[in-house]
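One file, run19.cif, carrying mmCIF, C-alpha atoms and all ligand atoms:
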```cif
data_data
loop_
_atom_site.label_atom_id
_atom_site.label_comp_id
_atom_site.auth_asym_id
_atom_site.auth_seq_id
_atom_site.Cartn_x
_atom_site.Cartn_y
_atom_site.Cartn_z
CA MET I 1 -59.52 -81.15 -20.42
CA CYS I 2 -56.30 -79.36 -19.86
CA ARG I 3 -52.87 -80.83 -19.76
CA GLU I 4 -49.47 -79.22 -19.54
CA LYS I 5 -47.87 -78.94 -22.96
CA THR I 6 -44.79 -81.06 -23.51
CA ASP I 7 -41.43 -79.33 -23.97
CA TRP I 8 -41.51 -80.35 -27.61
CA GLU I 9 -44.91 -78.72 -28.10
CA LYS I 10 -43.67 -75.61 -26.36
CA ALA I 11 -40.60 -75.55 -28.59
CA MET I 12 -42.74 -75.83 -31.76
CA GLU I 13 -45.01 -73.07 -30.53
CA PHE I 14 -42.09 -70.78 -29.72
CA HIS I 15 -40.30 -71.49 -33.00
CA GLY I 16 -43.44 -71.17 -35.12
CA HIS I 17 -43.03 -74.30 -37.21
CA ILE I 18 -41.90 -77.88 -36.94
CA CYS I 19 -38.62 -78.72 -38.64
CA VAL I 20 -35.65 -81.06 -38.55
CA GLY I 21 -33.39 -78.32 -37.18
CA LEU I 22 -35.68 -77.72 -34.23
CA ALA I 23 -35.67 -81.42 -33.39
CA ARG I 24 -31.86 -81.52 -33.51
CA GLY I 25 -31.50 -78.70 -31.01
CA TYR I 26 -34.27 -80.12 -28.86
CA ARG I 27 -32.59 -83.49 -28.52
CA ALA I 28 -29.21 -81.95 -27.75
CA ALA I 29 -30.78 -79.85 -24.98
CA LYS I 30 -32.73 -82.76 -23.53
CA VAL I 31 -29.64 -84.95 -23.34
CA GLY I 32 -27.55 -82.07 -21.99
CA MET I 33 -30.04 -81.41 -19.21
CA GLU I 34 -30.24 -85.10 -18.40
CA ILE I 35 -26.47 -85.46 -18.12
CA LEU I 36 -26.22 -82.40 -15.90
CA ASP I 37 -29.25 -83.53 -13.93
CA ALA I 38 -30.54 -80.01 -14.44
CA HIS I 39 -33.98 -78.47 -14.60
CA ARG I 40 -35.23 -75.57 -16.64
CA SER I 41 -33.39 -72.52 -15.40
CA PRO I 42 -35.67 -70.16 -13.49
CA ASP I 43 -32.79 -67.78 -12.92
CA GLU I 44 -29.21 -68.23 -13.96
CA GLU I 45 -27.95 -71.50 -12.51
CA LEU I 46 -27.68 -72.97 -15.98
CA VAL I 47 -25.56 -71.57 -18.80
CA VAL I 48 -25.63 -72.47 -22.48
CA ILE I 49 -22.97 -71.64 -25.03
CA ALA I 50 -24.45 -72.03 -28.51
CA GLU I 51 -22.16 -72.32 -31.52
CA THR I 52 -25.00 -71.78 -33.98
CA ASP I 53 -28.06 -69.58 -34.23
CA ASN I 54 -30.14 -71.82 -36.47
CA CYS I 55 -33.61 -73.32 -35.81
CA GLY I 56 -32.32 -75.68 -33.11
CA LEU I 57 -31.33 -72.84 -30.82
CA ASP I 58 -34.99 -71.99 -30.28
CA ALA I 59 -35.60 -75.44 -28.83
CA VAL I 60 -32.50 -75.11 -26.67
CA GLN I 61 -33.88 -71.89 -25.19
CA VAL I 62 -37.26 -73.46 -24.44
CA VAL I 63 -35.84 -76.62 -22.89
CA THR I 64 -33.14 -74.97 -20.79
CA GLY I 65 -34.81 -71.65 -20.03
CA CYS I 66 -31.53 -69.94 -20.94
CA THR I 67 -32.03 -66.83 -23.05
CA MET I 68 -29.99 -63.92 -24.40
CA GLY I 69 -32.03 -61.50 -22.29
CA LYS I 70 -31.13 -63.28 -19.08
CA GLY I 71 -27.48 -63.35 -20.02
CA ASN I 72 -27.20 -67.11 -19.53
CA LEU I 73 -27.18 -67.91 -23.24
CA ILE I 74 -23.93 -67.06 -24.93
CA PHE I 75 -23.80 -67.10 -28.71
CA GLN I 76 -20.53 -67.90 -30.44
CA ASP I 77 -20.89 -67.59 -34.18
CA TYR I 78 -18.92 -70.70 -35.20
CA GLY I 79 -21.55 -72.21 -37.49
CA LYS I 80 -21.41 -75.56 -35.70
CA ASN I 81 -24.36 -77.56 -34.41
CA ALA I 82 -22.83 -77.68 -30.95
CA TYR I 83 -24.00 -76.51 -27.56
CA THR I 84 -22.24 -76.47 -24.22
CA PHE I 85 -24.47 -76.85 -21.20
CA GLY I 86 -23.02 -75.88 -17.85
CA ARG I 87 -24.16 -75.58 -14.27
CA ARG I 88 -22.91 -72.77 -12.09
CA ASP I 89 -23.57 -74.59 -8.83
CA THR I 90 -21.70 -77.82 -9.55
CA GLY I 91 -19.39 -76.48 -12.26
CA LYS I 92 -20.19 -79.51 -14.41
CA ALA I 93 -20.35 -78.88 -18.15
CA VAL I 94 -20.88 -80.92 -21.24
CA ARG I 95 -20.50 -80.06 -24.94
CA ILE I 96 -22.93 -81.76 -27.25
CA THR I 97 -22.45 -81.85 -30.98
CA VAL I 98 -25.32 -82.91 -33.19
CA LYS I 99 -23.99 -85.32 -35.80
CA SER I 100 -24.47 -84.12 -39.38
CA LEU I 101 -27.60 -85.15 -41.24
CA GLY I 102 -25.33 -86.84 -43.76
CA GLU I 103 -24.01 -89.06 -41.00
CA SER I 104 -27.28 -89.86 -39.26
CA PHE I 105 -29.70 -89.74 -42.18
CA PRO I 106 -27.68 -90.13 -45.39
CA GLU I 107 -30.59 -90.69 -47.76
CA PHE I 108 -32.56 -87.76 -46.39
CA ALA I 109 -29.48 -85.52 -46.45
CA ALA I 110 -28.66 -86.38 -50.07
CA ILE I 111 -32.16 -85.52 -51.29
CA ARG I 112 -32.28 -82.41 -49.15
CA ASP I 113 -28.97 -81.19 -50.57
CA ARG I 114 -30.31 -81.67 -54.09
CA VAL I 115 -33.48 -79.74 -53.27
CA HIS I 116 -31.62 -76.93 -51.52
CA GLY I 117 -29.10 -76.78 -54.34
CA GLY I 118 -31.92 -76.17 -56.80
CA LYS I 119 -31.40 -79.55 -58.46
CA GLY I 120 -34.24 -81.41 -56.79
CA THR I 121 -36.87 -83.07 -58.96
CA PRO I 122 -40.57 -82.76 -58.07
CA GLU I 123 -40.32 -86.33 -56.76
CA ASP I 124 -37.42 -85.29 -54.52
CA LYS I 125 -39.53 -82.52 -53.05
CA GLU I 126 -42.40 -84.90 -52.38
CA LYS I 127 -40.08 -87.46 -50.90
CA ILE I 128 -38.39 -85.02 -48.55
CA LYS I 129 -41.76 -83.92 -47.20
CA LYS I 130 -42.72 -87.51 -46.56
CA MET I 131 -39.40 -88.36 -44.93
CA GLN I 132 -39.27 -85.30 -42.69
CA MET I 133 -41.62 -86.55 -39.99
CA GLY I 134 -39.75 -89.85 -39.78
CA VAL I 135 -36.44 -88.04 -39.36
CA ILE I 136 -37.91 -85.80 -36.67
CA THR I 137 -39.35 -88.79 -34.79
CA GLU I 138 -36.00 -90.52 -34.94
CA LEU I 139 -34.25 -87.37 -33.68
CA LEU I 140 -36.64 -87.18 -30.75
CA GLN I 141 -36.69 -90.86 -29.84
CA GLY I 142 -33.66 -92.60 -31.34
CA SER I 143 -30.59 -93.65 -29.40
CA HIS I 144 -28.61 -90.52 -28.63
CA ASP I 145 -25.34 -92.31 -29.37
CA ASP I 146 -26.38 -92.41 -33.01
CA LEU I 147 -27.36 -88.76 -33.13
CA LEU I 148 -25.07 -86.85 -30.82
CA GLN I 149 -21.51 -86.65 -29.67
CA VAL I 150 -21.01 -85.86 -26.00
CA GLN I 151 -17.82 -84.48 -24.43
CA ASP I 152 -17.19 -83.54 -20.84
CA VAL I 153 -15.60 -80.11 -20.80
CA GLN I 154 -14.04 -77.72 -18.36
CA LEU I 155 -15.71 -74.40 -18.47
CA ASP I 156 -14.95 -70.99 -17.11
CA LEU I 157 -18.49 -69.90 -16.57
CA PRO I 158 -19.10 -66.25 -17.25
CA GLU I 159 -20.02 -64.00 -14.37
CA LYS I 160 -23.69 -63.47 -13.74
CA ALA I 161 -25.20 -60.73 -15.85
CA ARG I 162 -24.26 -57.35 -14.50
CA ILE I 163 -26.42 -54.29 -14.54
CA PHE I 164 -24.61 -51.38 -16.11
CA GLN I 165 -25.20 -47.69 -15.80
CA SER I 166 -26.64 -45.81 -18.72
CA VAL I 167 -25.30 -42.65 -20.29
CA THR I 168 -26.92 -40.30 -22.81
CA CYS I 169 -25.57 -40.11 -26.34
CA ALA I 170 -24.47 -36.54 -27.08
CA ARG I 171 -25.63 -36.83 -30.69
CA CYS I 172 -29.01 -38.61 -30.75
CA GLY I 173 -29.95 -38.14 -27.11
CA GLU I 174 -30.79 -41.81 -26.60
CA SER I 175 -29.80 -43.69 -23.52
CA VAL I 176 -27.04 -46.28 -23.94
CA MET I 177 -25.39 -48.85 -21.67
CA GLU I 178 -22.09 -47.35 -20.54
CA PRO I 179 -19.75 -50.18 -21.69
CA ARG I 180 -21.23 -49.88 -25.20
CA ALA I 181 -20.82 -46.12 -25.41
CA ARG I 182 -17.90 -44.50 -27.21
CA VAL I 183 -16.20 -41.27 -26.28
CA ARG I 184 -15.92 -38.65 -29.02
CA GLY I 185 -14.68 -35.12 -28.34
CA GLY I 186 -14.92 -35.78 -24.64
CA GLU I 187 -18.58 -36.79 -24.85
CA TYR I 188 -20.39 -40.09 -24.79
CA VAL I 189 -21.93 -41.21 -28.09
CA CYS I 190 -23.67 -44.46 -29.02
CA ILE I 191 -22.12 -46.88 -31.53
CA PRO I 192 -24.26 -45.89 -34.55
CA CYS I 193 -23.59 -42.22 -33.88
CA SER I 194 -19.88 -42.75 -33.34
CA ASP I 195 -19.57 -43.82 -37.01
CA TYR I 196 -20.98 -40.52 -38.21
CA TYR I 197 -19.18 -38.34 -35.76
CA PRO I 198 -16.77 -36.06 -37.65
CA SER I 199 -13.27 -37.25 -36.88
CA ARG I 200 -11.83 -33.74 -36.52
CA ILE I 201 -14.16 -33.15 -33.57
CA ALA I 202 -13.30 -36.54 -32.20
CA GLY I 203 -9.66 -35.64 -32.68
CA ALA I 204 -9.05 -39.13 -34.01
ZN ZN X 301 -37.15 -74.21 -38.21
ZN ZN X 302 -26.55 -41.78 -30.60
#
```

Would you mind giving the structure from this file in structure tokens?
Amino acid sequence: MCREKTDWEKAMEFHGHICVGLARGYRAAKVGMEILDAHRSPDEELVVIAETDNCGLDAVQVVTGCTMGKGNLIFQDYGKNAYTFGRRDTGKAVRITVKSLGESFPEFAAIRDRVHGGKGTPEDKEKIKKMQMGVITELLQGSHDDLLQVQDVQLDLPEKARIFQSVTCARCGESVMEPRARVRGGEYVCIPCSDYYPSRIAGA
């Protein structure tokens, strides 16, 4: 008997383990897609701006189909559990913030902080393991008003991914995308090589 895996199962498989962080990103993506009335992006109609690169982002990639390689996942290193989901065709976009664990699951968060801070007792560690599945279930099934904050946003969607020409680095001989190449002494070099390039040759 064969059935299609659920998105949640696919997310766990992709991420490699089940965790609270994964469930948080998963729920944000599900709600984002629902609000935009969007489907998993086969090409680039959907765009995601992620303000974190923690566990949850893996679920966001699976649910939306937006990835770094396709150029429709933009990572902004703000350290916030927030994702903006946008559609190129309708221009509609929504920013979804996952409420902190302390806000949604205060007891769990308090014990988890103790454990992560190295101050957890053996009972704390047992308890957190037992509570984890309940928290994940709640994240997947609970009312999204309790878990997420949703804002409509205006978004200047980035241009579709462009294909750039490659040039050859004069120092290591490897091929490099032209906009990432540097010019030293009138020649193209790659970024790692540009650091080592003697400045008197570069004339800098
Ligand atoms: Zn994880
Ligand atoms: Zn090089």

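Near ligand ZN 302 (chain X), at distances of 10 Å or less and with only C-alpha atoms and all ligand atoms counted, sit the residues Thr168, Cys169, Ala170, Arg171, Cys172, Gly173, Glu174, Ser175, Val176, Ala181, Arg182, Tyr188, Val189, Cys190, Ile191, Pro192, Cys193, Ser194, Asp195, Tyr196 and Tyr197 of chain I.
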
Dump as a tab-separated table the rows for residues of chain I within 9 Å of ligand ZN 301 (chain X): closest atom pair and distance in Å with one decimal, all atoms listed in the file counted, ordered by chain and rising residue number.
```
residue	atom	partner	partner_atom	distance
I:Met12	CA	X:ZN301	ZN	8.7
I:His15	CA	X:ZN301	ZN	6.7
I:Gly16	CA	X:ZN301	ZN	7.6
I:His17	CA	X:ZN301	ZN	6.0
I:Ile18	CA	X:ZN301	ZN	6.1
I:Cys19	CA	X:ZN301	ZN	4.8
I:Val20	CA	X:ZN301	ZN	7.0
I:Gly21	CA	X:ZN301	ZN	5.7
I:Leu22	CA	X:ZN301	ZN	5.5
I:Ala23	CA	X:ZN301	ZN	8.8
I:Asn54	CA	X:ZN301	ZN	7.6
I:Cys55	CA	X:ZN301	ZN	4.4
I:Gly56	CA	X:ZN301	ZN	7.2
I:Asp58	CA	X:ZN301	ZN	8.5
```

Pick out the residues sitting within 10 Å of Ile111 of chain I, and hand them over as an MDAnalysis selection string; count all atoms listed in the file, and ignore anything fewer than 4 positions along from it in its own chain.
chainID I and resid 106:107 115:117 119:121 123:125 127:128

Output of the above residues as a short mmCIF file (atom, residue, chain, number, x, y, z; two decimals), keeping the file's coordinate frame, restricted to C-alpha atoms:
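Output below, filename part.cif:
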```cif
data_model
loop_
_atom_site.label_atom_id
_atom_site.label_comp_id
_atom_site.auth_asym_id
_atom_site.auth_seq_id
_atom_site.Cartn_x
_atom_site.Cartn_y
_atom_site.Cartn_z
CA PRO I 106 -27.68 -90.13 -45.39
CA GLU I 107 -30.59 -90.69 -47.76
CA VAL I 115 -33.48 -79.74 -53.27
CA HIS I 116 -31.62 -76.93 -51.52
CA GLY I 117 -29.10 -76.78 -54.34
CA LYS I 119 -31.40 -79.55 -58.46
CA GLY I 120 -34.24 -81.41 -56.79
CA THR I 121 -36.87 -83.07 -58.96
CA GLU I 123 -40.32 -86.33 -56.76
CA ASP I 124 -37.42 -85.29 -54.52
CA LYS I 125 -39.53 -82.52 -53.05
CA LYS I 127 -40.08 -87.46 -50.90
CA ILE I 128 -38.39 -85.02 -48.55
#
```

So how far away is atom CA of Gly69 of chain I from atom CA of Ile136 of chain I, in Å?
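Separation of atom CA of Ile136 of chain I and atom CA of Gly69 of chain I: 28.8 Å.
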
Between atom CA of Thr84 of chain I and atom CA of Ala50 of chain I, what is the distance, to one decimal in Å?
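Atom-to-atom, atom CA of Thr84 of chain I and atom CA of Ala50 of chain I are spaced 6.6 Å apart.
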
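Of note, atom CA of Gln149 of chain I and atom CA of Lys10 of chain I are spaced 25.0 Å apart.
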
Using the file's own x, y and z axes, so that the box edges lie along x, y and z, what centre and edge lengths in Å (one decimal) does a box around every listed atom of segment 35-54 of chain I get when 4 Å is added on each side? Give it as JSON.
```
{"center_x": -28.9, "center_y": -76.6, "center_z": -24.5, "size_x": 21.5, "size_y": 25.7, "size_z": 32.0}
```

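For the choices I:Val31, I:Ile163, I:Leu147, I:Leu57, the atom-to-atom distance to Gly102 of chain I is smallest for I:Leu147 when using only C-alpha atoms.
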
Between I:Met131, I:Leu140, I:Val150, I:Ala11, which one has atoms that come closest to Ala59 of chain I, using only C-alpha atoms?
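Nearest to Ala59 of chain I: I:Ala11.
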
Smallest atom-to-atom distance to Lys99 of chain I: which of I:Ala28, I:Met177, I:Val135, I:Met33, using all atoms listed in the file?
I:Ala28

Using only C-alpha atoms, the best pick from I:Ala38, I:Met68, I:Ala93, I:Val63 as closest to Gly25 of chain I would be I:Val63

List the spatial neighbours of Ile74 of chain I as number ranges by chain - criterion: any atom at most 8 Å away, all atoms listed in the file, same-chain residues fewer than 2 positions off excluded.
I: 47-50, 68, 71-72, 76

Which residue of I:Ile96, I:Ala109, I:Val62, I:Leu36 approaches Gln132 of chain I most closely, using all atoms listed in the file
I:Ala109
